[in-house]
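Just data13.cif here, mmCIF, C-alpha atoms:
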data_coords
#
loop_
_atom_site.label_atom_id
_atom_site.label_comp_id
_atom_site.auth_asym_id
_atom_site.auth_seq_id
_atom_site.Cartn_x
_atom_site.Cartn_y
_atom_site.Cartn_z
CA MET A 21 -25.76 -0.38 -15.07
CA SER A 22 -23.05 -2.34 -16.75
CA CYS A 23 -19.87 -1.91 -18.72
CA THR A 24 -17.62 -3.95 -20.98
CA VAL A 25 -14.43 -5.20 -19.38
CA SER A 26 -11.66 -6.65 -21.53
CA MET A 27 -8.35 -8.05 -20.37
CA THR A 28 -5.87 -10.77 -21.08
CA VAL A 29 -6.22 -13.63 -18.61
CA ASN A 30 -3.54 -16.31 -18.67
CA GLY A 31 -2.60 -15.26 -22.19
CA LYS A 32 -6.14 -15.32 -23.56
CA THR A 33 -8.11 -12.18 -24.42
CA VAL A 34 -11.47 -12.08 -22.68
CA SER A 35 -14.30 -9.59 -22.77
CA ARG A 36 -17.48 -9.58 -20.67
CA GLU A 37 -20.37 -7.27 -19.93
CA VAL A 38 -20.40 -6.82 -16.15
CA GLU A 39 -21.77 -4.52 -13.50
CA GLU A 40 -19.28 -1.78 -12.57
CA ARG A 41 -19.17 -3.02 -8.98
CA THR A 42 -17.96 -6.49 -10.02
CA LEU A 43 -14.78 -7.39 -8.16
CA LEU A 44 -11.90 -8.87 -10.10
CA VAL A 45 -12.18 -12.10 -8.11
CA ALA A 46 -15.84 -12.43 -9.04
CA PHE A 47 -15.00 -11.70 -12.67
CA LEU A 48 -12.42 -14.50 -12.67
CA ARG A 49 -14.46 -17.06 -10.74
CA GLU A 50 -18.02 -16.39 -11.80
CA HIS A 51 -17.70 -14.94 -15.28
CA LEU A 52 -14.66 -16.89 -16.49
CA GLY A 53 -15.05 -20.01 -14.35
CA LEU A 54 -11.47 -19.77 -13.07
CA THR A 55 -12.12 -21.00 -9.54
CA GLY A 56 -8.47 -21.56 -8.64
CA THR A 57 -8.45 -18.03 -7.22
CA HIS A 58 -10.16 -18.29 -3.83
CA VAL A 59 -12.21 -15.97 -1.68
CA GLY A 60 -11.14 -16.43 1.91
CA CYS A 61 -11.75 -13.48 4.21
CA ASP A 62 -13.15 -11.12 1.55
CA THR A 63 -11.65 -8.25 3.59
CA SER A 64 -8.17 -7.82 2.03
CA GLN A 65 -6.41 -9.71 4.79
CA CYS A 66 -5.90 -13.38 3.92
CA GLY A 67 -4.44 -13.34 0.41
CA ALA A 68 -6.28 -16.42 -0.90
CA CYS A 69 -7.41 -14.22 -3.82
CA VAL A 70 -3.95 -13.03 -4.93
CA VAL A 71 -3.46 -12.82 -8.71
CA HIS A 72 -1.01 -10.90 -10.88
CA VAL A 73 -2.14 -7.76 -12.70
CA ASP A 74 0.52 -6.56 -15.14
CA GLY A 75 3.05 -8.66 -13.27
CA ARG A 76 2.28 -7.29 -9.78
CA SER A 77 0.55 -9.35 -7.10
CA VAL A 78 -2.74 -7.83 -5.95
CA LYS A 79 -5.70 -8.93 -3.88
CA SER A 80 -8.45 -9.56 -6.40
CA CYS A 81 -11.15 -9.22 -3.71
CA THR A 82 -10.06 -5.60 -3.28
CA THR A 83 -9.77 -4.73 -6.96
CA LEU A 84 -12.62 -3.91 -9.32
CA ALA A 85 -12.68 -5.84 -12.57
CA VAL A 86 -12.83 -2.47 -14.39
CA GLN A 87 -9.60 -1.39 -12.69
CA ALA A 88 -7.94 -4.27 -14.55
CA ASN A 89 -9.49 -3.25 -17.87
CA GLY A 90 -6.83 -3.69 -20.55
CA ALA A 91 -4.41 -5.39 -18.18
CA GLU A 92 -2.55 -8.69 -18.34
CA VAL A 93 -3.89 -10.88 -15.57
CA MET A 94 -2.41 -14.16 -14.45
CA THR A 95 -4.12 -16.59 -12.11
CA ILE A 96 -2.91 -19.85 -10.61
CA GLU A 97 -4.37 -21.63 -13.65
CA GLY A 98 -1.93 -19.80 -15.91
CA LEU A 99 1.22 -20.69 -14.03
CA ALA A 100 1.86 -24.25 -15.23
CA ALA A 101 3.13 -24.93 -18.76
CA ALA A 102 0.64 -25.87 -21.46
CA ASP A 103 1.68 -29.52 -21.19
CA GLY A 104 0.84 -29.54 -17.48
CA THR A 105 4.40 -29.24 -16.20
CA LEU A 106 4.16 -27.38 -12.93
CA HIS A 107 5.81 -23.99 -12.47
CA PRO A 108 8.95 -24.41 -10.31
CA MET A 109 7.17 -22.68 -7.42
CA GLN A 110 4.19 -25.03 -7.66
CA ALA A 111 6.54 -28.00 -7.82
CA ALA A 112 8.40 -26.74 -4.76
CA PHE A 113 5.16 -26.44 -2.76
CA ARG A 114 4.37 -30.07 -3.61
CA GLU A 115 7.89 -31.29 -2.91
CA HIS A 116 8.18 -29.52 0.44
CA HIS A 117 4.61 -30.16 1.53
CA GLY A 118 3.92 -26.42 1.67
CA LEU A 119 0.21 -27.01 2.18
CA GLN A 120 -2.29 -29.03 4.13
CA CYS A 121 -5.87 -28.17 3.16
CA GLY A 122 -4.67 -26.19 0.15
CA PHE A 123 -7.14 -23.34 0.42
CA CYS A 124 -4.49 -20.63 0.78
CA THR A 125 -2.11 -22.26 -1.69
CA PRO A 126 -3.04 -20.48 -4.94
CA GLY A 127 -2.56 -17.09 -3.26
CA MET A 128 0.64 -18.23 -1.54
CA VAL A 129 2.12 -19.42 -4.83
CA MET A 130 1.14 -16.25 -6.72
CA SER A 131 2.58 -14.04 -3.96
CA ALA A 132 5.74 -16.14 -3.84
CA VAL A 133 6.32 -15.87 -7.60
CA ASP A 134 5.93 -12.07 -7.40
CA LEU A 135 8.26 -11.92 -4.40
CA VAL A 136 10.97 -13.92 -6.18
CA ARG A 137 10.74 -11.73 -9.28
CA ASP A 138 11.74 -8.74 -7.13
CA ASN A 139 14.18 -10.65 -4.98
CA PRO A 140 15.53 -13.76 -6.73
CA ASN A 141 17.38 -15.05 -3.68
CA PRO A 142 15.30 -14.16 -0.60
CA THR A 143 16.37 -14.99 2.94
CA GLU A 144 13.97 -16.76 5.29
CA ALA A 145 13.17 -13.40 6.95
CA GLU A 146 12.50 -11.79 3.57
CA ILE A 147 10.19 -14.66 2.58
CA ARG A 148 8.22 -14.32 5.82
CA GLU A 149 7.98 -10.56 5.32
CA GLY A 150 7.01 -11.04 1.67
CA LEU A 151 4.18 -13.39 2.62
CA GLU A 152 2.69 -11.05 5.24
CA GLY A 153 -0.35 -10.58 3.06
CA ASN A 154 -1.11 -14.31 2.97
CA ILE A 155 -2.60 -16.25 5.83
CA CYS A 156 -2.45 -20.04 6.24
CA ARG A 157 -4.37 -21.56 9.13
CA CYS A 158 -2.97 -25.11 8.79
CA THR A 159 0.76 -25.26 8.44
CA GLY A 160 2.39 -22.72 10.70
CA TYR A 161 4.24 -21.46 7.60
CA HIS A 162 7.39 -23.52 8.17
CA ASN A 163 7.06 -25.69 5.07
CA ILE A 164 5.67 -22.81 3.03
CA VAL A 165 8.85 -20.83 3.71
CA LYS A 166 10.97 -23.86 2.81
CA ALA A 167 8.96 -24.29 -0.41
CA VAL A 168 9.40 -20.65 -1.40
CA LYS A 169 13.15 -20.86 -0.77
CA ALA A 170 13.39 -24.00 -2.93
CA GLY A 171 11.05 -22.49 -5.53
CA ALA A 172 13.24 -19.40 -5.76
CA GLU A 173 16.31 -21.56 -6.36
CA ALA A 174 14.47 -23.60 -8.98
CA MET A 175 13.24 -20.44 -10.71
CA ALA A 176 16.82 -19.12 -10.86
CA GLY A 177 17.96 -22.45 -12.30
CA ALA A 178 15.12 -22.55 -14.80
CA GLN A 179 15.71 -19.05 -16.11
CA ALA A 180 17.62 -20.27 -19.14
CA THR A 181 14.74 -22.50 -20.23
CA PRO A 182 11.24 -21.02 -20.35
CA VAL A 183 9.05 -23.19 -18.14
CA ALA A 184 5.81 -21.28 -17.99
CA ALA A 185 3.65 -19.16 -20.23
CA GLU A 186 4.38 -15.99 -18.30
CA MET B 23 -21.44 -3.13 -2.51
CA TYR B 24 -24.11 -0.78 -3.81
CA ALA B 25 -24.14 -0.10 -7.54
CA PHE B 26 -22.34 2.97 -8.91
CA ASN B 27 -21.30 4.54 -12.20
CA TYR B 28 -17.64 4.13 -13.07
CA GLN B 29 -15.62 6.73 -14.92
CA ARG B 30 -11.96 6.67 -15.91
CA PRO B 31 -10.96 10.16 -17.09
CA THR B 32 -7.64 10.56 -18.88
CA SER B 33 -6.92 14.15 -17.84
CA LEU B 34 -7.05 16.10 -14.60
CA ALA B 35 -9.51 18.55 -16.16
CA ASP B 36 -11.92 15.74 -17.04
CA ALA B 37 -11.60 14.31 -13.54
CA ALA B 38 -12.37 17.73 -12.06
CA THR B 39 -15.56 17.84 -14.13
CA ALA B 40 -16.55 14.27 -13.30
CA ILE B 41 -16.14 14.74 -9.55
CA GLN B 42 -18.78 17.48 -9.60
CA ALA B 43 -21.45 14.77 -9.95
CA GLU B 44 -23.54 14.43 -6.83
CA GLU B 45 -22.03 11.97 -4.34
CA ALA B 46 -19.10 11.14 -6.61
CA LYS B 47 -15.94 9.74 -5.04
CA LEU B 48 -12.36 9.62 -6.29
CA LEU B 49 -10.78 6.19 -6.58
CA GLY B 50 -7.03 5.81 -6.09
CA GLY B 51 -5.76 2.27 -5.55
CA GLY B 52 -8.96 1.44 -3.71
CA GLN B 53 -7.33 -0.30 -0.76
CA THR B 54 -9.42 1.68 1.73
CA LEU B 55 -12.34 2.76 -0.44
CA LEU B 56 -13.22 -0.68 -1.83
CA PRO B 57 -13.39 -2.37 1.61
CA THR B 58 -15.52 0.59 2.74
CA LEU B 59 -17.89 0.08 -0.19
CA LYS B 60 -18.01 -3.67 0.37
CA GLN B 61 -19.21 -3.05 3.90
CA ARG B 62 -21.80 -0.63 2.54
CA LEU B 63 -20.39 2.15 4.70
CA ALA B 64 -20.49 4.52 1.73
CA ARG B 65 -22.83 4.83 -1.21
CA PRO B 66 -21.28 6.96 -3.95
CA THR B 67 -23.23 7.49 -7.15
CA ASP B 68 -20.04 7.63 -9.20
CA LEU B 69 -16.50 6.37 -8.80
CA ILE B 70 -13.93 8.48 -10.64
CA ASP B 71 -10.86 6.28 -11.20
CA LEU B 72 -7.71 8.43 -11.21
CA GLY B 73 -5.53 5.65 -12.61
CA ALA B 74 -5.36 6.84 -16.22
CA ILE B 75 -4.25 10.44 -15.62
CA PRO B 76 -0.59 11.04 -16.55
CA GLU B 77 -0.40 14.33 -14.56
CA LEU B 78 -0.88 12.38 -11.32
CA LYS B 79 1.97 9.95 -11.80
CA GLY B 80 5.70 9.86 -11.37
CA ILE B 81 8.53 10.75 -9.04
CA ARG B 82 10.98 13.52 -9.84
CA GLU B 83 13.65 15.60 -8.16
CA ALA B 84 12.47 19.14 -7.47
CA ASP B 85 14.27 21.96 -5.63
CA GLY B 86 16.67 19.42 -4.17
CA GLY B 87 13.74 17.44 -2.73
CA LEU B 88 11.20 15.13 -4.32
CA GLU B 89 7.91 15.72 -6.06
CA ILE B 90 5.71 12.64 -6.08
CA GLY B 91 2.50 12.38 -8.08
CA ALA B 92 -0.62 11.51 -6.10
CA PHE B 93 -1.29 8.33 -8.10
CA THR B 94 2.09 6.82 -7.30
CA ARG B 95 1.76 3.46 -5.66
CA HIS B 96 3.46 2.66 -2.35
CA ALA B 97 5.56 -0.05 -4.03
CA GLU B 98 6.84 2.47 -6.59
CA VAL B 99 7.98 4.84 -3.85
CA ALA B 100 9.49 1.96 -1.86
CA HIS B 101 11.48 0.63 -4.84
CA SER B 102 12.43 3.96 -6.46
CA ASP B 103 16.20 4.44 -6.72
CA LEU B 104 15.59 8.19 -6.76
CA VAL B 105 13.63 8.13 -3.49
CA LYS B 106 16.21 5.81 -1.91
CA ARG B 107 18.95 8.26 -2.85
CA VAL B 108 17.27 11.58 -1.99
CA ILE B 109 15.02 10.69 0.99
CA PRO B 110 15.65 7.05 1.96
CA ALA B 111 13.40 7.41 5.03
CA LEU B 112 10.45 7.96 2.70
CA ALA B 113 11.18 4.78 0.74
CA SER B 114 11.44 2.91 4.02
CA LEU B 115 8.09 4.33 5.20
CA ALA B 116 6.40 3.22 1.98
CA GLU B 117 7.93 -0.25 2.28
CA GLY B 118 6.29 -0.65 5.69
CA ILE B 119 2.73 0.13 4.60
CA GLY B 120 0.23 -2.74 4.73
CA ASP B 121 1.41 -5.85 2.92
CA ARG B 122 3.00 -6.45 -0.45
CA GLN B 123 -0.32 -6.60 -2.31
CA VAL B 124 -1.67 -3.46 -0.65
CA ARG B 125 1.56 -1.63 -1.58
CA ASN B 126 1.16 -2.76 -5.19
CA MET B 127 -2.25 -1.05 -5.40
CA GLY B 128 -2.45 1.67 -2.76
CA THR B 129 -1.38 5.19 -3.70
CA MET B 130 0.40 7.96 -1.82
CA GLY B 131 -2.30 10.48 -2.66
CA GLY B 132 -5.04 8.13 -1.51
CA SER B 133 -3.35 7.69 1.85
CA ILE B 134 -2.84 11.42 2.33
CA ALA B 135 -6.29 12.51 1.15
CA ASN B 136 -8.00 9.88 3.32
CA ALA B 137 -6.07 11.12 6.40
CA ASP B 138 -6.57 7.99 8.44
CA PRO B 139 -5.29 8.81 11.94
CA SER B 140 -3.09 5.67 11.80
CA ALA B 141 -1.75 6.14 8.26
CA ASP B 142 2.01 6.46 7.79
CA TYR B 143 2.27 9.13 5.07
CA PRO B 144 0.84 12.08 7.06
CA SER B 145 3.90 11.95 9.33
CA ALA B 146 6.19 12.35 6.31
CA VAL B 147 4.16 15.26 4.93
CA VAL B 148 4.52 17.16 8.20
CA ALA B 149 8.08 16.15 9.11
CA LEU B 150 9.49 16.77 5.63
CA LYS B 151 8.00 20.29 5.36
CA ALA B 152 6.00 19.17 2.37
CA THR B 153 3.85 21.24 0.06
CA VAL B 154 0.67 19.70 -1.30
CA THR B 155 -0.43 20.69 -4.80
CA THR B 156 -4.03 20.24 -5.91
CA ASP B 157 -5.81 21.03 -9.15
CA ARG B 158 -6.67 24.43 -7.60
CA ARG B 159 -3.80 25.58 -5.35
CA THR B 160 -0.86 24.68 -3.15
CA ILE B 161 -1.32 23.95 0.53
CA SER B 162 1.41 23.84 3.17
CA GLY B 163 1.80 20.35 4.64
CA ASP B 164 1.51 22.02 8.06
CA ASP B 165 -2.03 23.14 7.26
CA PHE B 166 -3.18 20.08 5.33
CA PHE B 167 -4.35 17.68 8.05
CA THR B 168 -7.19 19.25 10.01
CA GLY B 169 -8.59 16.33 12.00
CA MET B 170 -9.54 12.66 12.00
CA PHE B 171 -10.12 11.77 8.33
CA GLU B 172 -10.26 15.52 7.66
CA THR B 173 -8.02 17.62 5.44
CA ALA B 174 -7.90 21.10 3.96
CA LEU B 175 -9.17 19.69 0.65
CA GLU B 176 -12.46 21.23 -0.44
CA PRO B 177 -15.26 19.13 -1.93
CA GLY B 178 -14.21 18.02 -5.41
CA GLU B 179 -10.63 19.27 -5.03
CA ILE B 180 -8.11 16.77 -6.40
CA LEU B 181 -4.72 16.14 -4.81
CA LYS B 182 -2.16 16.30 -7.60
CA SER B 183 1.30 15.90 -6.07
CA VAL B 184 3.32 16.35 -2.91
CA ARG B 185 6.71 18.04 -2.76
CA TYR B 186 8.94 16.81 0.08
CA SER B 187 12.01 18.70 1.27
CA ARG B 188 15.25 16.82 1.52
CA PRO B 189 16.45 16.55 5.12
CA ASP B 190 20.06 16.12 6.26
CA LYS B 191 18.98 13.09 8.25
CA ALA B 192 15.65 11.39 8.73
CA ALA B 193 14.00 8.16 9.79
CA TYR B 194 10.54 6.81 10.44
CA ALA B 195 9.93 4.35 13.26
CA LYS B 196 6.59 2.70 13.76
CA PHE B 197 5.02 0.40 16.29
CA ARG B 198 2.60 -1.33 14.03
CA ASN B 199 -0.60 -3.19 14.58
CA PRO B 200 0.44 -6.76 13.78
CA ALA B 201 -2.79 -7.51 11.90
CA SER B 202 -3.50 -4.34 9.92
CA ARG B 203 0.08 -3.00 9.93
CA TYR B 204 -1.27 0.48 10.48
CA ALA B 205 0.72 2.56 12.95
CA ILE B 206 -0.37 2.23 16.57
CA VAL B 207 2.25 4.95 16.88
CA GLY B 208 4.61 6.11 14.14
CA VAL B 209 7.20 8.87 14.53
CA PHE B 210 8.98 10.59 11.66
CA VAL B 211 12.08 12.52 12.70
CA ALA B 212 13.79 14.84 10.18
CA LYS B 213 16.77 17.13 10.70
CA PHE B 214 17.25 20.20 8.51
CA GLY B 215 20.42 21.96 9.67
CA ALA B 216 19.67 23.28 13.15
CA ASP B 217 15.96 22.66 12.70
CA VAL B 218 14.39 19.32 13.70
CA ARG B 219 10.88 18.08 13.06
CA VAL B 220 9.17 15.27 14.95
CA ALA B 221 5.81 14.27 13.47
CA VAL B 222 3.65 11.71 15.25
CA THR B 223 0.94 9.60 13.60
CA GLY B 224 -1.35 6.94 15.04
CA ALA B 225 -1.38 8.46 18.52
CA ALA B 226 -4.08 11.10 18.12
CA GLY B 227 -6.97 11.98 15.83
CA SER B 228 -4.54 13.46 13.38
CA VAL B 229 -0.79 13.80 12.87
CA PHE B 230 0.88 16.30 15.23
CA ARG B 231 4.34 17.70 15.97
CA ALA B 232 6.02 16.91 19.30
CA GLU B 233 7.50 20.37 19.81
CA ALA B 234 9.31 19.67 23.08
CA PHE B 235 11.03 16.74 21.34
CA GLU B 236 11.99 18.98 18.44
CA ALA B 237 13.59 21.55 20.74
CA ALA B 238 15.54 18.89 22.63
CA LEU B 239 16.79 17.30 19.41
CA ALA B 240 17.68 20.65 17.87
CA ALA B 241 20.03 21.20 20.84
CA ASP B 242 21.37 17.64 20.87
CA PHE B 243 20.46 15.21 18.08
CA ARG B 244 20.81 12.01 20.09
CA ALA B 245 18.18 9.61 21.43
CA GLU B 246 19.38 10.39 24.97
CA ALA B 247 18.24 13.97 24.49
CA LEU B 248 14.67 12.68 24.74
CA ASN B 249 15.17 11.09 28.18
CA GLY B 250 12.46 12.26 30.52
CA LEU B 251 10.34 13.78 27.75
CA SER B 252 6.87 12.53 26.90
CA VAL B 253 3.70 13.75 25.26
CA ASP B 254 0.55 14.26 27.29
CA ALA B 255 -1.68 11.17 27.15
CA ASP B 256 -4.75 13.34 27.57
CA GLY B 257 -6.67 13.31 24.29
CA LEU B 258 -4.65 10.53 22.66
CA ASN B 259 -6.40 7.58 21.00
CA ALA B 260 -7.41 4.64 23.14
CA ASP B 261 -8.79 1.40 21.72
CA ILE B 262 -8.52 -2.37 22.10
CA HIS B 263 -4.97 -2.23 20.72
CA ALA B 264 -3.44 0.37 23.01
CA SER B 265 -4.50 2.74 25.80
CA ALA B 266 -3.76 6.46 25.64
CA ASP B 267 -1.04 6.08 28.30
CA TYR B 268 0.60 3.29 26.30
CA ARG B 269 0.49 5.35 23.12
CA ALA B 270 2.09 8.28 24.96
CA HIS B 271 4.84 5.95 26.13
CA LEU B 272 5.32 4.63 22.59
CA VAL B 273 5.75 8.14 21.18
CA THR B 274 8.97 8.60 23.17
CA VAL B 275 10.19 5.07 22.38
CA MET B 276 9.52 5.42 18.64
CA ALA B 277 11.04 8.91 18.53
CA LYS B 278 14.23 7.56 20.11
CA ARG B 279 14.33 4.67 17.64
CA ALA B 280 13.87 7.08 14.74
CA VAL B 281 16.71 9.31 15.98
CA GLU B 282 18.98 6.27 16.30
CA ALA B 283 18.02 5.05 12.83
CA ALA B 284 18.62 8.51 11.36
CA GLY B 285 22.18 8.31 12.72
#

Target encoding structure tokens, full file:
Amino acid sequence: MSCTVSMTVNGKTVSREVEERTLLVAFLREHLGLTGTHVGCDTSQCGACVVHVDGRSVKSCTTLAVQANGAEVMTIEGLAAADGTLHPMQAAFREHHGLQCGFCTPGMVMSAVDLVRDNPNPTEAEIREGLEGNICRCTGYHNIVKAVKAGAEAMAGAQATPVAAE
Amino acid sequence: MYAFNYQRPTSLADAATAIQAEEAKLLGGGQTLLPTLKQRLARPTDLIDLGAIPELKGIREADGGLEIGAFTRHAEVAHSDLVKRVIPALASLAEGIGDRQVRNMGTMGGSIANADPSADYPSAVVALKATVTTDRRTISGDDFFTGMFETALEPGEILKSVRYSRPDKAAYAKFRNPASRYAIVGVFVAKFGADVRVAVTGAAGSVFRAEAFEAALAADFRAEALNGLSVDADGLNADIHASADYRAHLVTVMAKRAVEAAG
């Protein structure tokens, strides 16, 4: 049993024949080769698989590819500008050392960008609450929170000039 | 995950036909069903995705209260200006479900139809004197939850919307599991004139009303009115997270917090 799934991923229209039970994360990683989206716990807890579907952050390990049929999907690969300039949130994670091993980072960054869209100037408490769906086992979150705060400020400052193909 | 057929009907009538297939299951946001399928704890032949049915979506004011379509996501309820204005306690409840990503996918109807004993929404359905509308009939919120993961819904019956009454004051207080964020105990307190409802979730197999609490609060709507009152621990849930005695204790604590938050 299979079906055709079409969606826009990072601005590009894609279409693949997949089994109905294919998860969105498997569609991205295995069918499109976009391995920036990670599978951590595979049980909806850790957030390493977070991507945006129609602008909302979701856990792609708990979403069927067919549920995103026709949607606009953005992964970590789509965040930077075409010339390689990092998205302000990515740059802030680098600047503030918001990562150690980096495994959780794509999900952290995607969740953070979604959080800041809803709340452009989040407090530390709001950042910690907003990242509840993302688990990091290295850093203790301190630098991640600092990075998100700085990323939010940079995103507000960059609003006048488009920095990413969002 | 076992293989299944996937269908995405665009009308309630088509969904009602599709769900008649043997071992078909309805798919809301999938935040409970998909993990269940991944663990191979269920093996439906067909998944009927309710995400493309306009009749199941939206939030509107109705009879002074709110009518919320079953396929309305938790984040939509949490961020709705209408919900914040008419029943702010309901927006606050939705904002406390799971994490941000779960709220972006999970739906109100999915939570209510699944009737997880630790889910938040059942307490609102009971405390806010809600009426549940399906594709076949209306069901009083008081009669909807019949047991652990059990509701009054018949096989193939589709939850369409829930109508919540607007209280004078209300609040939901939950002691949450720090990992899953489900309610270890959650208490929804709502005051309608002289009438008070106290609905408890997480503590037992299904949501229940704490009637002694309701009587005390009807006479005196202050947290102190609950001093000395408690629910019987006999028959309450007990697991690695909390014993039955601890849950009984939490019911009083959460009820007091809800009364204080309701103001």

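Closest to A:Met94 among A:His107, A:His72, A:Arg114, A:Arg157 is A:His72, based on only C-alpha atoms.
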
For B:Leu248: contacts at 10 Å, all atoms listed in the file, fewer than 3 positions along chain excluded, given as a ChimeraX atom specification: /B:234-239,242-245,251-252,274-275,277-278,281

Return as a tab-separated table the residues of chain B lying at most 8 Å from chain A, together with the closest atom-to-atom pair for each and the distance in Å to one decimal, counting only C-alpha atoms, with rows in chain order and ascending residue number.
residue	atom	partner	partner_atom	distance
B:Met23	CA	A:Arg41	CA	6.9
B:Tyr24	CA	A:Arg41	CA	7.5
B:Ala25	CA	A:Arg41	CA	5.9
B:Phe26	CA	A:Glu40	CA	6.7
B:Asn27	CA	A:Glu40	CA	6.6
B:Tyr28	CA	A:Glu40	CA	6.2
B:Gly52	CA	A:Thr83	CA	7.0
B:Gln53	CA	A:Thr82	CA	6.5
B:Leu56	CA	A:Thr82	CA	6.0
B:Pro57	CA	A:Thr63	CA	6.4
B:Asp71	CA	A:Gln87	CA	7.9
B:Asp121	CA	A:Gly153	CA	5.0
B:Arg122	CA	A:Gly153	CA	6.4
B:Gln123	CA	A:Val78	CA	4.5
B:Val124	CA	A:Val78	CA	7.0
B:Asn126	CA	A:Val78	CA	6.4
B:Met127	CA	A:Val78	CA	6.8
B:Ser202	CA	A:Gln65	CA	8.0

One decimal place gives the atom CA of A:Gly56-atom CA of A:Gln110 separation as 13.2 Å

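Residues surrounding B:Ala40 within 9 Å are Gln29, Pro31, Ala35, Asp36, Ala37, Ala43, Ala46, Asp68 and Ile70 of chain B [all atoms listed in the file; sequence separation below 3 positions excluded].
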
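Take atom CA of B:Val222 and atom CA of B:Ala146: the distance between them is 9.3 Å.
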
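Going from atom CA of B:Leu175 over to atom CA of B:Lys60, you cover 25.0 Å.
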
Selection: 10 Å around stretch 169-174 of chain A, all atoms listed in the file, excl. self and same-chain fewer than 3 positions, as a list of chain:residue names:
A:His107, A:Pro108, A:Met109, A:Gln110, A:Ala111, A:Ala112, A:Phe113, A:Glu115, A:His116, A:Val129, A:Ala132, A:Val133, A:Leu135, A:Val136, A:Arg137, A:Asn139, A:Pro140, A:Asn141, A:Pro142, A:Thr143, A:Glu144, A:Ile147, A:Asn163, A:Ile164, A:Val165, A:Lys166, A:Gly177, A:Ala178, A:Gln179

Please provide the set of residues having any atom within 8 Å of B:Gly51, restricted to all atoms listed in the file, with same-chain residues fewer than 5 positions apart removed, written as a PDB file with C-alpha atoms, in the coordinates of the input.
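So the final result, stored in out_14.pdb, reads:
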ATOM      1  CA  GLY B  73      -5.530   5.650 -12.610  1.00  0.00           C
ATOM      2  CA  PHE B  93      -1.290   8.330  -8.100  1.00  0.00           C
ATOM      3  CA  ARG B  95       1.760   3.460  -5.660  1.00  0.00           C
ATOM      4  CA  MET B 127      -2.250  -1.050  -5.400  1.00  0.00           C
ATOM      5  CA  GLY B 128      -2.450   1.670  -2.760  1.00  0.00           C
ATOM      6  CA  THR B 129      -1.380   5.190  -3.700  1.00  0.00           C
ATOM      7  CA  GLY B 132      -5.040   8.130  -1.510  1.00  0.00           C
TER       8      GLY B 132
END

Nearest to B:Gly215, restricted to all atoms listed in the file and choosing among B:Ala241, B:Ala232, B:Leu69, B:Ala193, comes out as B:Ala241

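Nearest to B:Gly87 of all the residues B:Ile109, B:Ala260, B:Leu34, B:Ala149 is B:Ile109, based on only C-alpha atoms.
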
(Q) List the spatial neighbours of A:Ala91 as JSON, numbers by chain - criterion: any atom at most 8 Å away, only C-alpha atoms, same-chain residues fewer than 5 positions off excluded. (A) {"A": [27, 28, 73, 74]}

Incomplete stretch 24-35 of chain A filled out to N, CA and C atoms as an mmCIF file, in the frame of the given file:
data_model
loop_
_atom_site.group_PDB
_atom_site.id
_atom_site.type_symbol
_atom_site.label_atom_id
_atom_site.label_comp_id
_atom_site.auth_asym_id
_atom_site.auth_seq_id
_atom_site.Cartn_x
_atom_site.Cartn_y
_atom_site.Cartn_z
ATOM 1 N N THR A 24 -18.396 -2.878 -20.372
ATOM 2 C CA THR A 24 -17.620 -3.950 -20.980
ATOM 3 C C THR A 24 -16.212 -3.936 -20.400
ATOM 4 N N VAL A 25 -15.784 -5.082 -19.920
ATOM 5 C CA VAL A 25 -14.430 -5.200 -19.380
ATOM 6 C C VAL A 25 -13.677 -6.200 -20.234
ATOM 7 N N SER A 26 -12.512 -5.770 -20.724
ATOM 8 C CA SER A 26 -11.660 -6.650 -21.530
ATOM 9 C C SER A 26 -10.283 -6.724 -20.902
ATOM 10 N N MET A 27 -9.724 -7.900 -20.878
ATOM 11 C CA MET A 27 -8.350 -8.050 -20.370
ATOM 12 C C MET A 27 -7.777 -9.356 -20.904
ATOM 13 N N THR A 28 -6.493 -9.512 -20.717
ATOM 14 C CA THR A 28 -5.870 -10.770 -21.080
ATOM 15 C C THR A 28 -5.732 -11.590 -19.803
ATOM 16 N N VAL A 29 -6.316 -12.776 -19.788
ATOM 17 C CA VAL A 29 -6.220 -13.630 -18.610
ATOM 18 C C VAL A 29 -5.496 -14.908 -18.999
ATOM 19 N N ASN A 30 -4.364 -15.134 -18.381
ATOM 20 C CA ASN A 30 -3.540 -16.310 -18.670
ATOM 21 C C ASN A 30 -3.261 -16.432 -20.174
ATOM 22 N N GLY A 31 -2.986 -15.279 -20.792
ATOM 23 C CA GLY A 31 -2.600 -15.260 -22.190
ATOM 24 C C GLY A 31 -3.754 -15.212 -23.182
ATOM 25 N N LYS A 32 -4.986 -15.295 -22.671
ATOM 26 C CA LYS A 32 -6.140 -15.320 -23.560
ATOM 27 C C LYS A 32 -6.930 -14.019 -23.394
ATOM 28 N N THR A 33 -7.317 -13.407 -24.509
ATOM 29 C CA THR A 33 -8.110 -12.180 -24.420
ATOM 30 C C THR A 33 -9.550 -12.527 -24.080
ATOM 31 N N VAL A 34 -10.082 -11.839 -23.066
ATOM 32 C CA VAL A 34 -11.470 -12.080 -22.680
ATOM 33 C C VAL A 34 -12.194 -10.752 -22.600
ATOM 34 N N SER A 35 -13.492 -10.792 -22.835
ATOM 35 C CA SER A 35 -14.300 -9.590 -22.770
ATOM 36 C C SER A 35 -15.680 -9.980 -22.248
#
